[in-house]
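J.: You'll find query13.cif just under this line, and it carries mmCIF, C-alpha atoms.
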```
data_final
#
loop_
_atom_site.label_atom_id
_atom_site.label_comp_id
_atom_site.auth_asym_id
_atom_site.auth_seq_id
_atom_site.Cartn_x
_atom_site.Cartn_y
_atom_site.Cartn_z
CA MET A 971 80.26 102.40 -47.67
CA LYS A 972 79.18 99.52 -45.45
CA LYS A 973 81.44 100.78 -42.63
CA SER A 974 79.91 104.27 -42.82
CA LYS A 975 76.42 102.81 -42.73
CA PHE A 976 77.33 100.65 -39.71
CA ARG A 977 78.81 103.63 -37.88
CA PHE A 978 75.70 105.66 -38.60
CA MET A 979 73.43 102.92 -37.25
CA ALA A 980 75.62 102.49 -34.16
CA ALA A 981 75.49 106.21 -33.51
CA GLU A 982 71.69 106.14 -33.81
CA VAL A 983 71.45 103.28 -31.32
CA ILE A 984 73.69 105.10 -28.84
CA LEU A 985 71.66 108.30 -29.19
CA PHE A 986 68.44 106.34 -28.71
CA VAL A 987 69.75 104.68 -25.55
CA LEU A 988 70.95 108.02 -24.18
CA THR A 989 67.57 109.57 -24.94
CA LEU A 990 65.79 106.79 -23.05
CA PHE A 991 68.18 107.22 -20.11
CA PHE A 992 67.59 110.96 -19.81
CA VAL A 993 63.82 110.59 -20.22
CA TYR A 994 63.86 107.99 -17.42
CA LYS A 995 65.89 110.30 -15.16
CA ILE A 996 63.54 113.22 -15.79
CA PHE A 997 60.39 111.26 -15.00
CA ASN A 998 62.01 109.38 -12.12
CA GLN A 999 62.82 112.69 -10.41
CA ASN A 1000 59.13 113.60 -10.49
CA VAL A 1001 57.96 110.40 -8.79
CA GLU A 1002 56.70 111.20 -5.30
CA GLU A 1003 58.07 109.23 -2.38
CA PRO A 1004 55.56 106.82 -0.80
CA ARG A 1005 53.86 108.43 2.18
CA VAL A 1006 53.66 106.52 5.45
CA ALA A 1007 51.53 107.76 8.36
CA ILE A 1008 52.94 107.20 11.86
CA ILE A 1009 50.37 107.06 14.68
CA LEU A 1010 51.77 107.25 18.22
CA PRO A 1011 50.02 108.32 21.44
CA GLU A 1012 51.29 111.75 22.49
CA SER A 1013 53.60 111.82 19.48
CA GLY A 1014 55.53 114.82 20.80
CA ASP A 1015 56.49 113.09 24.05
CA GLN A 1016 60.20 112.50 24.72
CA ARG A 1017 59.69 108.75 25.09
CA TRP A 1018 59.43 108.54 21.29
CA ASP A 1019 62.63 110.48 20.51
CA ALA A 1020 64.83 107.45 19.79
CA LEU A 1021 62.09 105.65 17.87
CA ILE A 1022 61.37 108.65 15.64
CA GLU A 1023 65.10 109.19 15.05
CA GLY A 1024 65.38 105.58 13.87
CA MET A 1025 62.38 106.08 11.59
CA LYS A 1026 63.84 109.23 10.05
CA GLN A 1027 67.21 107.60 9.38
CA SER A 1028 65.55 104.62 7.72
CA ALA A 1029 63.13 106.81 5.74
CA SER A 1030 66.03 108.82 4.33
CA LEU A 1031 67.80 105.68 3.10
CA ASN A 1032 64.63 104.04 1.76
CA LYS A 1033 63.15 107.19 0.17
CA ILE A 1034 60.00 107.20 2.29
CA HIS A 1035 58.06 110.33 3.24
CA LEU A 1036 56.97 110.10 6.89
CA ILE A 1037 53.84 111.80 8.20
CA ILE A 1038 54.07 111.77 12.00
CA CYS A 1039 50.54 112.51 13.16
CA ASN A 1040 50.17 115.17 15.83
CA THR A 1041 48.28 113.35 18.57
CA ASP A 1042 47.36 113.60 22.23
CA GLU A 1043 46.91 110.52 24.42
CA ILE A 1044 45.16 107.72 22.50
CA GLU A 1045 43.18 105.94 25.18
CA ASP A 1046 40.94 103.68 23.10
CA ALA A 1047 40.05 102.40 19.64
CA ASP A 1048 37.62 105.25 18.91
CA VAL A 1049 40.31 107.91 19.24
CA GLU A 1050 42.74 105.91 17.12
CA ARG A 1051 40.05 105.35 14.47
CA GLU A 1052 39.70 109.12 14.01
CA ALA A 1053 43.45 109.51 13.42
CA ILE A 1054 43.46 106.63 10.92
CA ARG A 1055 40.49 107.96 8.95
CA GLU A 1056 42.03 111.41 8.76
CA GLN A 1057 45.14 109.93 7.13
CA LEU A 1058 43.10 107.70 4.81
CA ASP A 1059 41.43 110.88 3.56
CA ASN A 1060 44.93 112.22 2.84
CA GLN A 1061 45.60 109.24 0.53
CA ILE A 1062 48.61 107.89 2.42
CA ASP A 1063 50.24 104.67 1.20
CA ALA A 1064 50.80 102.77 4.47
CA PHE A 1065 50.48 102.92 8.25
CA ILE A 1066 52.88 102.29 11.12
CA ILE A 1067 50.78 102.23 14.29
CA CYS A 1068 51.35 101.94 18.01
CA PRO A 1069 48.01 100.28 18.85
CA SER A 1070 45.64 101.74 21.42
CA PRO A 1071 44.77 99.68 24.52
CA GLY A 1072 41.59 97.63 24.66
CA SER A 1073 40.15 94.53 23.02
CA GLU A 1074 38.17 96.64 20.51
CA THR A 1075 41.35 97.80 18.76
CA LYS A 1076 41.88 94.52 16.90
CA GLU A 1077 38.50 94.64 15.15
CA MET A 1078 38.83 98.37 14.48
CA LEU A 1079 42.18 97.91 12.70
CA GLU A 1080 40.82 94.96 10.71
CA ASN A 1081 38.00 97.18 9.43
CA GLU A 1082 39.85 100.46 8.89
CA CYS A 1083 43.17 99.14 7.53
CA ALA A 1084 41.98 96.15 5.50
CA ASP A 1085 43.10 97.61 2.17
CA ILE A 1086 46.35 99.31 3.10
CA PRO A 1087 49.74 97.99 4.31
CA THR A 1088 49.78 98.26 8.11
CA LEU A 1089 52.55 97.49 10.58
CA LEU A 1090 52.24 97.59 14.37
CA ILE A 1091 55.07 98.70 16.64
CA THR A 1092 55.99 98.32 20.35
CA GLU A 1093 53.32 95.70 21.08
CA ASP A 1094 50.68 93.40 19.59
CA ILE A 1095 46.96 93.58 20.40
CA TYR A 1096 44.41 90.97 21.45
CA ASP A 1097 40.64 90.58 21.32
CA GLU A 1098 38.32 89.48 24.15
CA GLU A 1099 39.34 85.85 23.60
CA GLN A 1100 43.03 86.79 23.77
CA LYS A 1101 43.60 86.10 20.08
CA ALA A 1102 46.48 88.13 18.63
CA SER A 1103 45.87 90.63 15.85
CA GLY A 1104 47.53 88.61 13.11
CA LEU A 1105 49.13 91.83 11.88
CA PRO A 1106 52.91 92.10 11.50
CA VAL A 1107 54.51 93.75 14.53
CA ILE A 1108 57.98 95.06 15.40
CA LYS A 1109 58.48 94.80 19.15
CA PRO A 1110 60.63 93.38 21.93
CA ASP A 1111 59.94 89.99 23.49
CA TYR A 1112 58.09 90.96 26.69
CA TYR A 1113 58.04 87.39 28.00
CA GLU A 1114 61.83 87.33 27.86
CA ILE A 1115 61.99 90.76 29.53
CA GLY A 1116 59.84 89.46 32.39
CA GLN A 1117 62.25 86.57 32.85
CA THR A 1118 65.25 88.92 32.76
CA LEU A 1119 63.79 91.13 35.50
CA ALA A 1120 63.02 88.02 37.58
CA ALA A 1121 66.67 86.96 37.34
CA HIS A 1122 67.82 90.35 38.66
CA LEU A 1123 65.35 90.17 41.55
CA GLN A 1124 66.78 86.81 42.59
CA GLU A 1125 70.37 88.01 42.25
CA ASP A 1126 69.61 90.93 44.56
CA GLY A 1127 67.84 88.74 47.12
CA GLN A 1128 64.44 90.43 46.83
CA ARG A 1129 61.60 88.53 48.51
CA ARG A 1130 58.21 90.29 48.38
CA ILE A 1131 57.37 91.83 45.03
CA GLY A 1132 54.71 94.25 43.80
CA VAL A 1133 54.00 94.28 40.07
CA VAL A 1134 52.92 97.45 38.24
CA GLY A 1135 51.65 96.50 34.79
CA GLY A 1136 50.45 98.50 31.82
CA TRP A 1137 46.87 98.19 30.59
CA ARG A 1138 45.10 94.91 31.34
CA LYS A 1139 45.12 92.34 28.54
CA SER A 1140 47.96 94.13 26.76
CA ASP A 1141 51.01 92.47 25.24
CA ILE A 1142 53.43 94.18 27.60
CA SER A 1143 51.40 93.28 30.72
CA ASP A 1144 50.26 89.76 29.89
CA ASN A 1145 53.52 88.44 28.45
CA GLY A 1146 55.72 90.41 30.83
CA VAL A 1147 53.83 89.09 33.87
CA ARG A 1148 53.81 85.56 32.45
CA GLY A 1149 57.58 85.63 31.95
CA LEU A 1150 58.08 87.02 35.45
CA ASN A 1151 55.83 84.40 37.07
CA ASP A 1152 57.36 81.49 35.18
CA ALA A 1153 60.89 82.54 36.16
CA LEU A 1154 59.98 83.06 39.84
CA GLU A 1155 58.09 79.79 40.22
CA GLY A 1156 59.74 77.62 42.86
CA THR A 1157 61.97 80.44 44.16
CA ASP A 1158 61.92 82.43 47.41
CA CYS A 1159 60.40 85.45 45.63
CA GLU A 1160 56.70 86.01 46.28
CA ILE A 1161 54.45 88.36 44.29
CA ALA A 1162 52.28 90.12 46.89
CA TRP A 1163 50.04 92.09 44.53
CA TYR A 1164 49.46 93.38 40.97
CA TYR A 1165 48.36 96.82 39.82
CA TYR A 1166 47.27 97.66 36.26
CA ASN A 1167 46.71 101.02 34.58
CA GLN A 1168 43.40 102.74 35.19
CA LYS A 1169 42.07 105.77 33.36
CA GLU A 1170 42.56 109.04 35.23
CA LYS A 1171 44.51 107.27 38.00
CA LYS A 1172 48.17 107.84 38.81
CA ALA A 1173 50.22 104.71 39.37
CA SER A 1174 52.23 106.41 42.14
CA GLU A 1175 49.10 107.24 44.14
CA MET A 1176 47.62 103.76 43.78
CA VAL A 1177 50.87 101.97 44.62
CA SER A 1178 51.50 104.12 47.70
CA VAL A 1179 48.48 102.60 49.48
CA LYS A 1180 49.36 99.01 48.57
CA GLU A 1181 50.96 96.55 50.98
CA LYS A 1182 54.66 97.31 51.46
CA VAL A 1183 57.07 95.17 49.46
CA ASP A 1184 60.83 94.82 48.98
CA ALA A 1185 60.77 95.61 45.27
CA LEU A 1186 58.50 96.95 42.54
CA VAL A 1187 58.57 95.46 39.05
CA VAL A 1188 57.22 98.15 36.73
CA LEU A 1189 56.30 96.84 33.28
CA ASP A 1190 54.94 100.15 31.98
CA PRO A 1191 57.65 102.65 30.87
CA ASP A 1192 55.52 105.69 31.75
CA ALA A 1193 54.77 104.36 35.23
CA LEU A 1194 58.48 103.62 35.71
CA VAL A 1195 59.32 107.29 35.15
CA GLU A 1196 56.45 108.42 37.38
CA LEU A 1197 57.51 106.18 40.27
CA GLY A 1198 61.21 106.90 39.77
CA GLU A 1199 60.61 110.65 39.97
CA GLN A 1200 58.92 110.23 43.35
CA ALA A 1201 61.43 107.79 44.84
CA GLU A 1202 63.35 108.89 47.93
CA ASN A 1203 66.78 107.55 48.90
CA GLY A 1204 66.64 105.08 46.03
CA THR A 1205 63.31 103.51 47.01
CA TYR A 1206 59.57 104.15 46.66
CA TYR A 1207 57.99 103.63 50.11
CA GLY A 1208 60.89 101.35 50.93
CA ALA A 1209 60.71 99.33 47.69
CA GLU A 1210 63.54 99.27 45.17
CA ILE A 1211 62.37 99.85 41.59
CA TYR A 1212 62.98 97.49 38.67
CA GLY A 1213 61.32 97.88 35.30
CA ILE A 1214 61.09 98.57 31.58
CA GLY A 1215 62.38 101.94 30.35
CA SER A 1216 62.07 103.63 26.98
CA SER A 1217 63.24 107.23 27.40
CA VAL A 1218 66.24 109.36 28.24
CA LYS A 1219 64.41 110.37 31.43
CA SER A 1220 64.36 106.76 32.61
CA ILE A 1221 68.11 106.51 31.91
CA ALA A 1222 68.69 109.66 33.99
CA LEU A 1223 66.64 108.27 36.89
CA LEU A 1224 68.72 105.09 36.79
CA ASP A 1225 71.92 107.15 36.78
CA TYR A 1226 70.73 109.16 39.80
CA GLY A 1227 69.93 105.98 41.73
CA TYR A 1228 66.14 106.37 41.80
CA ILE A 1229 65.76 103.17 39.74
CA THR A 1230 67.73 100.07 40.77
CA ASP A 1231 67.66 98.00 37.59
CA MET A 1232 66.15 98.50 34.15
CA VAL A 1233 65.62 96.78 30.82
CA LEU A 1234 65.83 99.52 28.19
CA LEU A 1235 63.85 99.09 24.97
CA ASP A 1236 65.82 99.96 21.83
CA GLY A 1237 63.41 102.49 20.37
CA TYR A 1238 65.84 103.38 17.60
CA GLU A 1239 65.88 99.79 16.34
CA ILE A 1240 62.08 99.53 16.49
CA GLY A 1241 61.73 102.73 14.47
CA TYR A 1242 64.43 101.87 11.95
CA LYS A 1243 63.22 98.34 11.28
CA SER A 1244 59.56 99.34 11.01
CA VAL A 1245 60.22 101.83 8.20
CA GLU A 1246 62.64 99.43 6.52
CA GLU A 1247 59.98 96.70 6.53
CA ILE A 1248 57.16 98.91 5.25
CA ALA A 1249 59.45 100.25 2.49
CA GLU A 1250 60.09 96.68 1.33
CA LYS A 1251 56.33 96.18 1.00
CA LEU A 1252 55.78 99.45 -0.87
CA ASN A 1253 58.62 98.70 -3.29
CA HIS A 1254 57.57 95.08 -3.90
CA ARG A 1255 53.82 94.66 -4.17
CA PHE A 1256 53.75 90.93 -3.41
CA TYR A 1257 56.13 91.12 -0.45
CA ARG A 1258 54.54 89.93 2.79
CA LEU A 1259 55.22 92.07 5.84
CA GLU A 1260 56.97 90.13 8.60
CA SER A 1261 57.09 90.46 12.38
CA CYS A 1262 60.35 90.58 14.29
CA ASN A 1263 61.55 90.94 17.87
CA THR A 1264 63.94 93.78 18.61
CA GLY A 1265 66.76 93.91 21.13
CA VAL A 1266 66.84 95.34 24.63
CA ARG A 1267 69.62 96.47 26.94
CA GLU A 1268 69.96 95.38 30.58
CA LEU A 1269 71.18 98.29 32.69
CA ASP A 1270 72.07 99.09 36.26
CA GLY A 1271 73.53 102.31 37.60
CA GLU A 1272 77.04 100.91 38.02
CA GLU A 1273 77.54 99.84 34.38
CA LEU A 1274 75.56 102.61 32.70
CA PHE A 1275 78.48 104.21 30.86
CA SER A 1276 80.87 101.27 30.84
CA ASP A 1277 81.18 100.48 27.11
CA ASP A 1278 81.16 101.99 23.62
CA ASP A 1279 77.88 100.31 22.65
CA MET A 1280 76.17 102.33 25.35
CA GLU A 1281 77.35 105.51 23.64
CA ARG A 1282 75.52 104.49 20.46
CA LEU A 1283 72.38 103.75 22.43
CA LEU A 1284 72.46 107.06 24.28
CA TYR A 1285 73.18 108.93 21.03
CA SER A 1286 69.95 107.59 19.55
CA TYR A 1287 68.02 109.33 22.35
CA GLU A 1288 69.44 112.78 21.57
#
```
What does the file become when written as structure tokens?

T.:
Amino acid sequence: MKKSKFRFMAAEVILFVLTLFFVYKIFNQNVEEPRVAIILPESGDQRWDALIEGMKQSASLNKIHLIICNTDEIEDADVEREAIREQLDNQIDAFIICPSPGSETKEMLENECADIPTLLITEDIYDEEQKASGLPVIKPDYYEIGQTLAAHLQEDGQRRIGVVGGWRKSDISDNGVRGLNDALEGTDCEIAWYYYNQKEKKASEMVSVKEKVDALVVLDPDALVELGEQAENGTYYGAEIYGIGSSVKSIALLDYGYITDMVLLDGYEIGYKSVEEIAEKLNHRFYRLESCNTGVRELDGEELFSDDDMERLLYSYE
């Protein structure tokens, strides 16, 4: 009698556990994936292909729903504010943002994104006093990139250098130029002039009227493509081109000999790690988002397809 009663109770417990399991599975299937808005300037441009591919791969593994905002060029904080507010109205759960240029962006993000997890990608931002945003950011080390390009200039015996930066007071320009200058200090290389982005001005047109130099160091990936496309016989007005690339087009220009030497940003890694980090925050409320530096790849035309790791990198751009 006691054995029968025990078996009956055991069966009830098993049925109860199974019931709880199936109820959990049913409700768990109906839970919506967290929605993360991605704000990039000209989001449909090819320069973001590898980054977006990395994001999608990471989102699939981490069960995140990505909303890649359809944007044109984002030239200042006001334009970016509109995109952010539109997504806040859509009740998204987090932001991954490529910040707009200008010292006003820091304050704008502090105001608009104060109550929602926000992660910056590709570069940090600074205010008028050159104070960093304090937000977590996934990006390469631009100071180190500047030093790497300086080393290649010295190896190739370049003497007079022209520097084409991005926007003034930007992470990529300030830290890239600082790394370049520090590495060239005390060497035979001399920086003849600097040029920084200007609204409604083409870098190629502005550089063409500058004093002639032996080499151009182009710290803006878009300007690198622009100058590379207009190079003739491997030079732009007699200057060999070195710089930072971020797209398959820049790789092609290097392969064709229009660019001499390039540091390629790993967009795939930036995209993958950014979604992975934001997913950690959304899954663990008290987790603190962390910054990290991503890798880069030093390339010249001769070694472009020389190893298997390069295949993986090129695949991420397809």

J.: Running the PyMOL selection byres ((chain A and resi 1211) around 10) on this model by hand, what would come out? Give it as a ChimeraX atom specification.

T.: /A:1132,1184-1188,1194,1197-1198,1201,1204-1206,1208-1210,1212-1213,1224,1227-1232

J.: What do you get, as a list of chain:residue names, if you spell out every residue that the PyMOL selection byres ((chain A and resi 1214-1221) around 7) selects here?

T.: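 Going through the file, the PyMOL selection byres ((chain A and resi 1214-1221) around 7) ends up selecting A:Gln1016, A:Arg1017, A:Val1188, A:Leu1189, A:Asp1190, A:Pro1191, A:Leu1194, A:Val1195, A:Gly1213, A:Ala1222, A:Leu1223, A:Leu1224, A:Asp1225, A:Met1232, A:Val1233, A:Leu1234, A:Leu1235, A:Gly1237, A:Tyr1287.
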
J.: Using C-alpha atoms, can you write the selected residues to a file as an mmCIF file, keeping the file's coordinate frame?

T.:
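Once everything was written out, this is result-v4.cif:
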```cif
data_model
loop_
_atom_site.group_PDB
_atom_site.id
_atom_site.type_symbol
_atom_site.label_atom_id
_atom_site.label_comp_id
_atom_site.auth_asym_id
_atom_site.auth_seq_id
_atom_site.Cartn_x
_atom_site.Cartn_y
_atom_site.Cartn_z
ATOM 1 C CA GLN A 1016 60.200 112.500 24.720
ATOM 2 C CA ARG A 1017 59.690 108.750 25.090
ATOM 3 C CA VAL A 1188 57.220 98.150 36.730
ATOM 4 C CA LEU A 1189 56.300 96.840 33.280
ATOM 5 C CA ASP A 1190 54.940 100.150 31.980
ATOM 6 C CA PRO A 1191 57.650 102.650 30.870
ATOM 7 C CA LEU A 1194 58.480 103.620 35.710
ATOM 8 C CA VAL A 1195 59.320 107.290 35.150
ATOM 9 C CA GLY A 1213 61.320 97.880 35.300
ATOM 10 C CA ALA A 1222 68.690 109.660 33.990
ATOM 11 C CA LEU A 1223 66.640 108.270 36.890
ATOM 12 C CA LEU A 1224 68.720 105.090 36.790
ATOM 13 C CA ASP A 1225 71.920 107.150 36.780
ATOM 14 C CA MET A 1232 66.150 98.500 34.150
ATOM 15 C CA VAL A 1233 65.620 96.780 30.820
ATOM 16 C CA LEU A 1234 65.830 99.520 28.190
ATOM 17 C CA LEU A 1235 63.850 99.090 24.970
ATOM 18 C CA GLY A 1237 63.410 102.490 20.370
ATOM 19 C CA TYR A 1287 68.020 109.330 22.350
#
```

J.: Using the chain letters and numbering of this document, enumerate as a list of chain:residue names the residues selected by the PyMOL selection byres ((chain A and resi 1028) around 10).

T.: A:Ile1022, A:Glu1023, A:Gly1024, A:Met1025, A:Lys1026, A:Gln1027, A:Ala1029, A:Ser1030, A:Leu1031, A:Asn1032, A:Lys1033, A:Ile1034, A:Tyr1238, A:Glu1239, A:Gly1241, A:Tyr1242, A:Lys1243, A:Ser1244, A:Val1245, A:Glu1246, A:Glu1247, A:Ala1249

J.: Between atom CA of Ile1067 of chain A and atom CA of Ile1240 of chain A, what is the spacing in Å?

T.: 11.8 Å

J.: Please determine, counting all atoms listed in the file, which residue among A:Ala1153, A:Leu1021, A:Cys1159, A:Ile1108 has the shortest atom-to-atom distance to Gln1128 of chain A.

T.: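 Nearest to Gln1128 of chain A: A:Cys1159.
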
J.: Find the residue from A:Leu1036, A:Ile1066, A:Val1183, A:Ile984 that sits nearest to Leu1010 of chain A; use all atoms listed in the file when measuring.

T.: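 Nearest candidate to Leu1010 of chain A out of A:Leu1036, A:Ile1066, A:Val1183, A:Ile984: A:Ile1066.
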
J.: Of the residues A:Ile1142, A:Gly1014, A:Asp1048, A:Tyr1207, which is the one nearest to Glu1181 of chain A, using only C-alpha atoms?

T.: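 Ranked by minimum distance to Glu1181 of chain A, first place goes to A:Tyr1207.
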
J.: Please indicate the distance in Å from atom CA of Glu1043 of chain A to atom CA of Met1078 of chain A, rounded to one decimal place.

T.: 17.7 Å

J.: By how many Å are atom CA of Glu1052 of chain A and atom CA of Leu1090 of chain A apart?

T.: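 These two atoms are separated by 17.0 Å.
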
J.: Find the spatial neighbours of Asp1141 of chain A, counting only C-alpha atoms, within a cut-off of 10 Å - ignore same-chain residues fewer than 2 positions away - and output them as a list in words.

T.: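 Answer for this query is Pro1071, Thr1092, Glu1093, Asp1094, Ile1095, Tyr1096, Gln1100, Ala1102, Lys1109, Asp1111, Tyr1112, Tyr1113, Gly1136, Trp1137, Arg1138, Lys1139, Ser1143, Asp1144, Asn1145, Gly1146 and Val1147 of chain A.
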
J.: Box for segment 1157-1167 of chain A: with edges along x, y and z, all listed atoms inside and 3 Å added on each side, what are the centre and edge lengths in Å to one decimal, as JSON?

T.:
```
{"center_x": 54.3, "center_y": 90.7, "center_z": 41.0, "size_x": 21.3, "size_y": 26.6, "size_z": 18.8}
```

J.: Of the candidates A:Glu1196, A:Asp1158, A:Glu1074, A:Asp1097, which one gets nearest to Glu1125 of chain A if we count all atoms listed in the file?

T.: A:Asp1158

J.: I'd like to know which of A:Pro1069, A:Gly1149, A:Gly1127, A:Pro1087 is closest to Glu1114 of chain A, using only C-alpha atoms.

T.: A:Gly1149

J.: Return the single residue from A:Leu1150, A:Val1134, A:Glu1082, A:Thr1088 that is closest to Ser1178 of chain A, with distances computed using only C-alpha atoms.

T.: A:Val1134

J.: Would you list the contacts of Glu1175 of chain A as a PDB file with C-alpha atoms, keeping the file's coordinate frame, taking every protein, DNA or RNA residue within 12 Å and counting only C-alpha atoms, but skipping same-chain residues closer than 2 positions in sequence?

T.:
```pdb
ATOM      1  CA  TYR A1165      48.360  96.820  39.820  1.00  0.00           C
ATOM      2  CA  ASN A1167      46.710 101.020  34.580  1.00  0.00           C
ATOM      3  CA  GLN A1168      43.400 102.740  35.190  1.00  0.00           C
ATOM      4  CA  GLU A1170      42.560 109.040  35.230  1.00  0.00           C
ATOM      5  CA  LYS A1171      44.510 107.270  38.000  1.00  0.00           C
ATOM      6  CA  LYS A1172      48.170 107.840  38.810  1.00  0.00           C
ATOM      7  CA  ALA A1173      50.220 104.710  39.370  1.00  0.00           C
ATOM      8  CA  VAL A1177      50.870 101.970  44.620  1.00  0.00           C
ATOM      9  CA  SER A1178      51.500 104.120  47.700  1.00  0.00           C
ATOM     10  CA  VAL A1179      48.480 102.600  49.480  1.00  0.00           C
ATOM     11  CA  LYS A1180      49.360  99.010  48.570  1.00  0.00           C
ATOM     12  CA  ALA A1193      54.770 104.360  35.230  1.00  0.00           C
ATOM     13  CA  GLU A1196      56.450 108.420  37.380  1.00  0.00           C
ATOM     14  CA  LEU A1197      57.510 106.180  40.270  1.00  0.00           C
ATOM     15  CA  GLN A1200      58.920 110.230  43.350  1.00  0.00           C
ATOM     16  CA  TYR A1206      59.570 104.150  46.660  1.00  0.00           C
ATOM     17  CA  TYR A1207      57.990 103.630  50.110  1.00  0.00           C
TER      18      TYR A1207
END
```
